[in-house]
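See structure below.
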Amino acid sequence: MTHGFPQGGIALAPMRHLTQGPFWQILNQYGAPDAYVSEFVRVHKNFTLNPRQIEDNLAYADKCPLWIQLMGNDPDALLRNAEILQKYPIAGIDFNVGCPVPKIYKKQAGGGLLKNLPLLKTLICSLRTGCSKPLSVKMRIGFEHAENFEKILDILHEAQVDSITIHARTVKDRYGGQIRYDFIRRAVEKLPIPIIANGDINTLDDIKYVLSFTRCWGTMLGRAAVRNPWIFSQWHSHNKGHPIDYPRYKHVFEYLQKIDKTFKLNRNANKLGLLKNFCKYIGPAIDADGDFWGQILKSSTESEFWVRCEQGLLKGLQGEKVFRGEVA
Ligand SMILES: Cc1cc2nc3c(=O)[nH]c(=O)nc-3n(C[C@H](O)[C@H](O)[C@H](O)COP(=O)(O)O)c2cc1C
């Protein structure tokens with residue numbers, strides 16, 4: 001994750017169904033991060049990437065280097081798809097070694113690979129063979145425990161991956177267990193390649209803290225970016241010593257309108273579900289008692305959703321309130 005990714009840089013984490021192309025387009029307007037990573041592409045035995053899918057991703061990511069993330073457990077299929085990908089002007093290939101969804105890890109893909117280190121080694125070596133572009137791995141510190149952490153780092157380093165992103169909790173912790181930045185620091189001390197820190201980095205102060213505590217190359221933000229898509233421009237302003245520009249609640253309303261307009265869903269997909277999905281992350285930054293999110297959750301139609309959004313974000317003087325983007 002260093003190809004065009006500056007030291008101290010900040011990447012957008014992949015979040016399936018949320019931080020994809022249309023979201024990158026919105027960020028391109030608010031201030032792009034230093035790298036985009038696609039949501040995982042599930043590579044089954046007979047799967048072959050569709051060139052249209054890669055080209056669409058590249059068109060969306062025109063302001064920022066793009067990493068395409070693969071996930072799978074078949075070395076030949078991964079090799080074949082890595083060979084296809086590397087013909088495109090992407091920054092690199094990222095391999096998913098952290099997905100905590102049981103359906104995935106039970107098939108020894110994603111986070112399940114942290115329990116099968118010989119297979120992990122085979123897959124990384126296969127990807128390395130097919131990919132002369134930078135190869136990164138996004139991993140967790142272990143499956144149920146972190147006893148094999150150093151062994152996993154050795155495998156990745158011996159297979160010559162170029163960088164590693166570490167979501168500093170175990171697979172079994174999913175998204176809520178204790179975050180362990182000390183493991184990221186250990187990886188930085190052990191390996192001579194860039195380590196990117198990920199997990200619960202929610203504010204500018206968090207970014208500063210994690211960079212200084214772990215001495216990592218850069219950071220990666222997921223949920224915080226969905227909650228506060230202005231965080232990348234705020235970070236860049238901070239770095240330049242410029243004052244931080246905070247949006248207001250009326251701008252959060254406009255952000256939701258942009259999501260509504262920018263995401264083009266297929267015929268069977270559910271726009272209300274998508275909007276609610278975004279609000280699940282935004283809600284805790286609107287009010288501490290969960291009123292906004294509670295109201296949104298009750299919407300059963302899109303028009304009801306917008307009425308409730310107007311009430312929560314625009315009514316009275318609400319629209320002029322400063323949105324800090326932090327969990328209230
Ligand atoms: C809804 C959702 C979807 C996710 N999809 C992916 C994915 O496709 N690939 C991946 O490597 N991680 C995925 N993640 C994990 C995030 O990239 C990230 O590691 C995790 O959310 C912790 O970072 P955060 O605290 O900044 O959100 C997903 C997380 C969530 C909540």
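Labels used: A, B, ... for chains in the order of the structure tokens, numbers from 1 for residues in each chain, and numbers from 1 for ligands as shown.
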
*Could you give me, as JSON, numbers by chain, every polymer residue with an atom at most 6 Å away from an atom of ligand 1, counting only C-alpha atoms and all ligand atoms?*
{"A": [13, 14, 15, 16, 39, 40, 96, 138, 167, 198, 199, 200, 201, 221, 222, 223, 224]}

*Find the spatial neighbours of Ala197 in chain A, counting only C-alpha atoms, within a cut-off of 12 Å - ignore same-chain residues fewer than 4 positions away - and output them as JSON, numbers by chain.*
{"A": [1, 8, 9, 10, 11, 12, 13, 138, 139, 140, 141, 163, 164, 165, 166, 167, 168, 169, 179, 180, 181, 182, 183, 184, 185, 186, 187, 188, 201, 206, 207, 208, 209, 210, 211, 212, 213, 214, 215, 216, 217, 218, 219, 220, 221, 222]}

Sorted per-residue table, range 58-127 of chain A near range 145-148 of chain A, closest atoms and distance, 10 Å, only C-alpha atoms, as a Markdown table:
```
| residue | atom | partner | partner_atom | distance |
| --- | --- | --- | --- | --- |
| A:Leu114 | CA | A:Asn148 | CA | 8.3 |
| A:Lys115 | CA | A:Asn148 | CA | 9.0 |
| A:Leu117 | CA | A:Asn148 | CA | 9.1 |
```

*Compile the contact shell of range 270-274 of chain A as a list of chain:residue names: residues with an atom at most 9 Å away, counting only C-alpha atoms, same-chain residues fewer than 2 positions apart removed.*
A:His17, A:Leu18, A:Ile259, A:Asp260, A:Phe263, A:Lys264, A:Leu265, A:Asn266, A:Arg267, A:Asn268, A:Lys276, A:Asn277, A:Phe278, A:Cys279, A:Ser299, A:Ser300, A:Thr301, A:Glu302, A:Phe305

Residues of the last selection are to be written out with N, CA and C atoms, as a tab-separated table (two decimals), in the first residue's frame.
```tsv
chain	number	residue	atom	x	y	z
A	17	HIS	N	-20.72	-2.88	0.00
A	17	HIS	CA	-21.98	-2.20	-0.27
A	17	HIS	C	-21.99	-0.72	0.13
A	18	LEU	N	-20.94	-0.23	0.78
A	18	LEU	CA	-20.96	1.17	1.22
A	18	LEU	C	-19.85	1.99	0.57
A	259	ILE	N	-25.91	10.54	-1.72
A	259	ILE	CA	-25.92	9.06	-1.72
A	259	ILE	C	-27.11	8.58	-2.54
A	260	ASP	N	-28.25	9.21	-2.29
A	260	ASP	CA	-29.48	8.84	-3.01
A	260	ASP	C	-29.28	8.96	-4.52
A	263	PHE	N	-25.67	6.58	-5.98
A	263	PHE	CA	-25.70	5.11	-6.02
A	263	PHE	C	-26.79	4.67	-7.00
A	264	LYS	N	-26.37	3.99	-8.04
A	264	LYS	CA	-27.37	3.47	-8.98
A	264	LYS	C	-27.53	1.98	-8.70
A	265	LEU	N	-28.65	1.64	-8.14
A	265	LEU	CA	-28.83	0.25	-7.72
A	265	LEU	C	-29.48	-0.55	-8.83
A	266	ASN	N	-29.24	-1.85	-8.81
A	266	ASN	CA	-29.94	-2.67	-9.80
A	266	ASN	C	-31.41	-2.82	-9.41
A	267	ARG	N	-32.18	-3.36	-10.32
A	267	ARG	CA	-33.64	-3.32	-10.19
A	267	ARG	C	-34.18	-3.86	-8.87
A	268	ASN	N	-33.52	-4.91	-8.37
A	268	ASN	CA	-34.06	-5.54	-7.16
A	268	ASN	C	-33.51	-4.94	-5.87
A	276	LYS	N	-30.59	3.72	4.92
A	276	LYS	CA	-30.59	3.39	6.36
A	276	LYS	C	-29.22	2.88	6.78
A	277	ASN	N	-28.60	2.11	5.89
A	277	ASN	CA	-27.28	1.56	6.19
A	277	ASN	C	-26.28	2.69	6.47
A	278	PHE	N	-26.33	3.75	5.64
A	278	PHE	CA	-25.45	4.89	5.88
A	278	PHE	C	-25.81	5.58	7.21
A	279	CYS	N	-27.14	5.72	7.44
A	279	CYS	CA	-27.57	6.43	8.66
A	279	CYS	C	-27.19	5.68	9.94
A	299	SER	N	-38.65	4.24	9.46
A	299	SER	CA	-39.19	4.61	8.14
A	299	SER	C	-39.47	3.35	7.32
A	300	SER	N	-40.66	3.31	6.74
A	300	SER	CA	-40.94	2.13	5.93
A	300	SER	C	-41.00	2.47	4.44
A	301	THR	N	-40.92	3.76	4.10
A	301	THR	CA	-40.84	4.15	2.68
A	301	THR	C	-39.76	5.21	2.55
A	302	GLU	N	-39.33	5.43	1.29
A	302	GLU	CA	-38.30	6.46	1.08
A	302	GLU	C	-38.83	7.84	1.45
A	305	PHE	N	-38.64	8.29	5.00
A	305	PHE	CA	-37.23	8.46	5.37
A	305	PHE	C	-36.83	9.93	5.27
```

*as a PyMOL selection string, which residues of range 103-241 of chain A does DSSP assign to strand (DSSP E)?*
chain A and resi 135-140+163-167+195-198+218-221

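Distance-wise, CA of Gln178 in chain A and CA of Ser233 in chain A end up 28.4 Å apart.
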
*asked:* Please list as a PyMOL selection string every residue within 10 Å of Arg308 in chain A, counting only C-alpha atoms and excluding residues in the same chain fewer than 4 positions away.
replied: chain A and resi 292-293+295-299+302-304+312-315

Would you export the selected residues with C-alpha atoms as a PDB file, in the first residue's frame, please?
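Writing the result to again-v3.pdb gives the following:
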```
ATOM      1  CA  PHE A 292     -32.237  10.284  15.027  1.00  0.00           C
ATOM      2  CA  TRP A 293     -31.297   6.694  14.219  1.00  0.00           C
ATOM      3  CA  GLN A 295     -36.619   7.589  13.871  1.00  0.00           C
ATOM      4  CA  ILE A 296     -34.808   6.617  10.664  1.00  0.00           C
ATOM      5  CA  LEU A 297     -35.094   2.952  11.528  1.00  0.00           C
ATOM      6  CA  LYS A 298     -38.888   3.281  11.731  1.00  0.00           C
ATOM      7  CA  SER A 299     -39.187   4.608   8.136  1.00  0.00           C
ATOM      8  CA  GLU A 302     -38.304   6.457   1.078  1.00  0.00           C
ATOM      9  CA  SER A 303     -40.590   9.475   1.420  1.00  0.00           C
ATOM     10  CA  GLU A 304     -41.001   8.725   5.125  1.00  0.00           C
ATOM     11  CA  GLY A 312     -33.713  15.416  12.489  1.00  0.00           C
ATOM     12  CA  LEU A 313     -31.313  17.490  10.419  1.00  0.00           C
ATOM     13  CA  LEU A 314     -33.064  20.635   9.200  1.00  0.00           C
ATOM     14  CA  LYS A 315     -36.011  21.482  11.459  1.00  0.00           C
TER      15      LYS A 315
END
```

*Can you pull out every residue within 10 Å of Pro134 in chain A, counting only C-alpha atoms, but drop anything in the same chain fewer than 2 positions away, and send it as a PyMOL selection string?*
chain A and resi 1-3+67+86+90-94+128+131-132+136+160-163

Output C-alpha atoms of each residue in that selection to a file, as a PDB file, in the first residue's frame.
```
ATOM      1  CA  MET A   1       0.000   0.000   0.000  1.00  0.00           C
ATOM      2  CA  THR A   2       2.784   2.460  -0.782  1.00  0.00           C
ATOM      3  CA  HIS A   3       2.433   2.937  -4.505  1.00  0.00           C
ATOM      4  CA  TRP A  67      -6.295  -1.039  -4.893  1.00  0.00           C
ATOM      5  CA  GLN A  86      -2.105  -6.222 -13.225  1.00  0.00           C
ATOM      6  CA  ILE A  90      -4.419   0.119 -10.514  1.00  0.00           C
ATOM      7  CA  ALA A  91      -2.054   0.907  -7.634  1.00  0.00           C
ATOM      8  CA  GLY A  92      -1.937  -2.705  -6.527  1.00  0.00           C
ATOM      9  CA  ILE A  93      -3.758  -5.801  -5.360  1.00  0.00           C
ATOM     10  CA  ASP A  94      -4.924  -6.245  -1.801  1.00  0.00           C
ATOM     11  CA  ARG A 128       2.947 -12.864  -5.765  1.00  0.00           C
ATOM     12  CA  CYS A 131       1.387  -9.808  -9.642  1.00  0.00           C
ATOM     13  CA  SER A 132       4.369  -7.613 -10.394  1.00  0.00           C
ATOM     14  CA  SER A 136      -0.722  -5.839   0.065  1.00  0.00           C
ATOM     15  CA  GLN A 160       7.422 -10.650  -0.362  1.00  0.00           C
ATOM     16  CA  VAL A 161       4.215  -8.760   0.136  1.00  0.00           C
ATOM     17  CA  ASP A 162       4.868  -5.043  -0.197  1.00  0.00           C
ATOM     18  CA  SER A 163       2.724  -3.771   2.657  1.00  0.00           C
TER      19      SER A 163
END
```

*Report the distance between CA of Gly283 in chain A and CA of Val252 in chain A in Å, rounded to one decimal place.*
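According to the coordinates, CA of Gly283 in chain A and CA of Val252 in chain A are separated by 10.5 Å.
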
*Show which residues sit within 7 Å of range 72-84 of chain A, as a ChimeraX atom specification. Count only C-alpha atoms, and ignore same-chain residues fewer than 5 positions away.*
/A:42-49,108-110,122-123,126-127,130-131

_All alpha helix (DSSP H) residues (DSSP, backbone) inside range 93-228 of chain A, as a ChimeraX atom specification_ = /A:102-105,117-130,149-158,181-190,204-214,223-227

_Residue with smallest distance to Lys121 in chain A - pool A:Ile155, A:Ala288, A:Ile244, A:Val226, counting only C-alpha atoms_ = A:Ile155

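One distance worth recording is that between CA of Val41 in chain A and CA of Thr262 in chain A, which is 21.4 Å.
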
_Need to verify the contact set: Pro243 in chain A, 9 Å, only C-alpha atoms, exclusion of same-chain residues closer than 4 positions in sequence. Can you return it as an MDAnalysis selection string?_
chainID A and resid 234 237:238

*When distances are computed from only C-alpha atoms, which of A:Thr19, A:Gln53, A:Asn202, A:Asn28 shows the smallest separation from Val327 in chain A?*
A:Asn202
